[in-house]
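These notes concern the structure reproduced below.
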Amino acid sequence: MLPDESYRRLLALRTGLRRFQRWSEQQAADAGLTPAQHQLLLAIRGHPDPRGPTIGEVADYLLLRHHSTVGLVDRADDAGLVARERDAEDHRVVRLHLTEDGAERLEALSALHLQEIERLSLDVAAAWEGLRPRHATHGAAAERSA
């Protein structure tokens, strides 16, 4: 059985994550984006392949179905945030890129997010560290008594 303190720390961690999520959604709205558009821009910019991600890769990042991602990309394209481009090697593949407007909005949001993550990092780290030793100790004690 986990100690009461583990439940308090889990609650604090989950509450902190939810607060960050709400804060992030508000920042996106203030930048004229939906939270999904913000995540789309981040998925495109954060993708390691310089050719840009495919819609399928973005769907994996966003945990969405392919057709839902297509709709999101359509709306972002209409808003001037992203552009589609045929892959140079395989013309069946469509790759996504940020427009200048999309890149500028993401840059501003990302700077704010990194500042907020830095501010929250001590709280999250404290909650996580408080869980790890107790859980490890609890598990080790259970193994010894078995």
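Please note that chains go A, B, ... in the order of the structure tokens, that every chain numbers its residues from 1, and that ligands are numbered from 1 in the order shown.
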Hey, what's within 10 Å of region 63-76 of chain A if we count only C-alpha atoms and toss same-chain stuff fewer than 2 positions away? As a PyMOL selection string, please? chain A and resi 33-34+36-38+40-41+55-61+78-84+96+98+102
Keeping only N, CA and C atoms, write the selected residues as an mmCIF file, in the first residue's frame.
data_model
loop_
_atom_site.group_PDB
_atom_site.id
_atom_site.type_symbol
_atom_site.label_atom_id
_atom_site.label_comp_id
_atom_site.auth_asym_id
_atom_site.auth_seq_id
_atom_site.Cartn_x
_atom_site.Cartn_y
_atom_site.Cartn_z
ATOM 1 N N LEU A 33 -4.522 31.501 -31.743
ATOM 2 C CA LEU A 33 -4.463 30.105 -32.157
ATOM 3 C C LEU A 33 -5.342 29.250 -31.261
ATOM 4 N N THR A 34 -5.794 28.142 -31.794
ATOM 5 C CA THR A 34 -6.416 27.137 -30.946
ATOM 6 C C THR A 34 -5.289 26.318 -30.318
ATOM 7 N N ALA A 36 -4.971 23.207 -30.457
ATOM 8 C CA ALA A 36 -4.589 22.195 -31.457
ATOM 9 C C ALA A 36 -3.664 22.790 -32.510
ATOM 10 N N GLN A 37 -3.932 24.033 -32.926
ATOM 11 C CA GLN A 37 -3.043 24.684 -33.889
ATOM 12 C C GLN A 37 -1.661 24.898 -33.294
ATOM 13 N N HIS A 38 -1.615 25.292 -32.026
ATOM 14 C CA HIS A 38 -0.324 25.468 -31.356
ATOM 15 C C HIS A 38 0.447 24.153 -31.360
ATOM 16 N N LEU A 40 0.073 21.656 -33.385
ATOM 17 C CA LEU A 40 0.440 21.356 -34.770
ATOM 18 C C LEU A 40 1.714 22.094 -35.155
ATOM 19 N N LEU A 41 1.764 23.388 -34.864
ATOM 20 C CA LEU A 41 2.954 24.167 -35.203
ATOM 21 C C LEU A 41 4.188 23.606 -34.508
ATOM 22 N N ILE A 55 1.846 14.176 -42.744
ATOM 23 C CA ILE A 55 0.619 14.270 -41.942
ATOM 24 C C ILE A 55 0.543 13.079 -40.984
ATOM 25 N N GLY A 56 0.956 11.910 -41.423
ATOM 26 C CA GLY A 56 0.949 10.732 -40.549
ATOM 27 C C GLY A 56 1.857 10.906 -39.341
ATOM 28 N N GLU A 57 3.024 11.506 -39.559
ATOM 29 C CA GLU A 57 3.935 11.738 -38.434
ATOM 30 C C GLU A 57 3.342 12.751 -37.462
ATOM 31 N N VAL A 58 2.718 13.791 -37.993
ATOM 32 C CA VAL A 58 2.073 14.781 -37.132
ATOM 33 C C VAL A 58 0.925 14.130 -36.362
ATOM 34 N N ALA A 59 0.165 13.287 -37.013
ATOM 35 C CA ALA A 59 -0.932 12.584 -36.336
ATOM 36 C C ALA A 59 -0.393 11.779 -35.153
ATOM 37 N N ASP A 60 0.752 11.145 -35.335
ATOM 38 C CA ASP A 60 1.371 10.384 -34.237
ATOM 39 C C ASP A 60 1.769 11.309 -33.084
ATOM 40 N N TYR A 61 2.363 12.446 -33.390
ATOM 41 C CA TYR A 61 2.752 13.396 -32.344
ATOM 42 C C TYR A 61 1.541 13.886 -31.556
ATOM 43 N N ASP A 78 -5.539 27.215 -44.272
ATOM 44 C CA ASP A 78 -6.451 28.322 -44.591
ATOM 45 C C ASP A 78 -6.128 29.572 -43.774
ATOM 46 N N ALA A 79 -5.631 29.387 -42.553
ATOM 47 C CA ALA A 79 -5.287 30.510 -41.682
ATOM 48 C C ALA A 79 -3.894 31.075 -41.983
ATOM 49 N N GLY A 80 -3.182 30.458 -42.925
ATOM 50 C CA GLY A 80 -1.859 30.945 -43.299
ATOM 51 C C GLY A 80 -0.752 30.564 -42.337
ATOM 52 N N LEU A 81 -0.964 29.499 -41.558
ATOM 53 C CA LEU A 81 0.021 29.080 -40.558
ATOM 54 C C LEU A 81 0.973 28.008 -41.065
ATOM 55 N N VAL A 82 0.490 27.147 -41.947
ATOM 56 C CA VAL A 82 1.299 26.041 -42.463
ATOM 57 C C VAL A 82 1.138 25.955 -43.977
ATOM 58 N N ALA A 83 2.080 25.250 -44.587
ATOM 59 C CA ALA A 83 2.019 25.010 -46.031
ATOM 60 C C ALA A 83 2.346 23.543 -46.288
ATOM 61 N N ARG A 84 1.722 23.012 -47.312
ATOM 62 C CA ARG A 84 2.006 21.639 -47.751
ATOM 63 C C ARG A 84 2.984 21.698 -48.924
ATOM 64 N N LEU A 96 4.916 18.937 -44.378
ATOM 65 C CA LEU A 96 4.367 20.170 -43.821
ATOM 66 C C LEU A 96 5.492 21.102 -43.385
ATOM 67 N N LEU A 98 6.086 25.337 -41.728
ATOM 68 C CA LEU A 98 5.485 26.532 -41.165
ATOM 69 C C LEU A 98 5.630 27.688 -42.147
ATOM 70 N N GLY A 102 3.207 31.472 -39.114
ATOM 71 C CA GLY A 102 3.165 30.340 -38.187
ATOM 72 C C GLY A 102 4.434 30.235 -37.365
#
Please provide as a ChimeraX atom specification all residues within 9 Å of Asp123 (chain A), with the sequence filter that same-chain residues fewer than 3 positions apart are discarded (counting only C-alpha atoms). /A:12-13,16,119-120,126-128
From the set A:Ala28, A:Asp90, A:Pro35, A:Glu85, which residue has the shortest atom-to-atom contact distance to Glu107 (chain A), counting only C-alpha atoms? A:Ala28
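Of note, CA of Leu109 (chain A) and CA of Val94 (chain A) are spaced 26.1 Å apart.
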I'd like the neighbourhood of Arg51 (chain A) as a PyMOL selection string, where a residue qualifies if any of its atoms comes within 7 Å (using only C-alpha atoms), though same-chain residues fewer than 2 positions away should be ignored. chain A and resi 49+53+95
Export N, CA and C atoms of the chosen residues as a short mmCIF file (atom, residue, chain, number, x, y, z; two decimals), in the first residue's frame?
data_model
loop_
_atom_site.label_atom_id
_atom_site.label_comp_id
_atom_site.auth_asym_id
_atom_site.auth_seq_id
_atom_site.Cartn_x
_atom_site.Cartn_y
_atom_site.Cartn_z
N ASP A 49 13.37 15.84 -39.02
CA ASP A 49 13.71 15.77 -40.44
C ASP A 49 13.56 17.16 -41.07
N PRO A 53 7.66 17.12 -41.45
CA PRO A 53 6.93 15.89 -41.17
C PRO A 53 5.82 15.64 -42.19
N ARG A 95 4.68 16.87 -47.30
CA ARG A 95 5.38 17.31 -46.09
C ARG A 95 4.83 18.67 -45.67
#
DSSP helix (DSSP H, G or I) residues within chain A, as number ranges by chain: A: 4-30, 35-46, 55-62, 66-78, 100-145
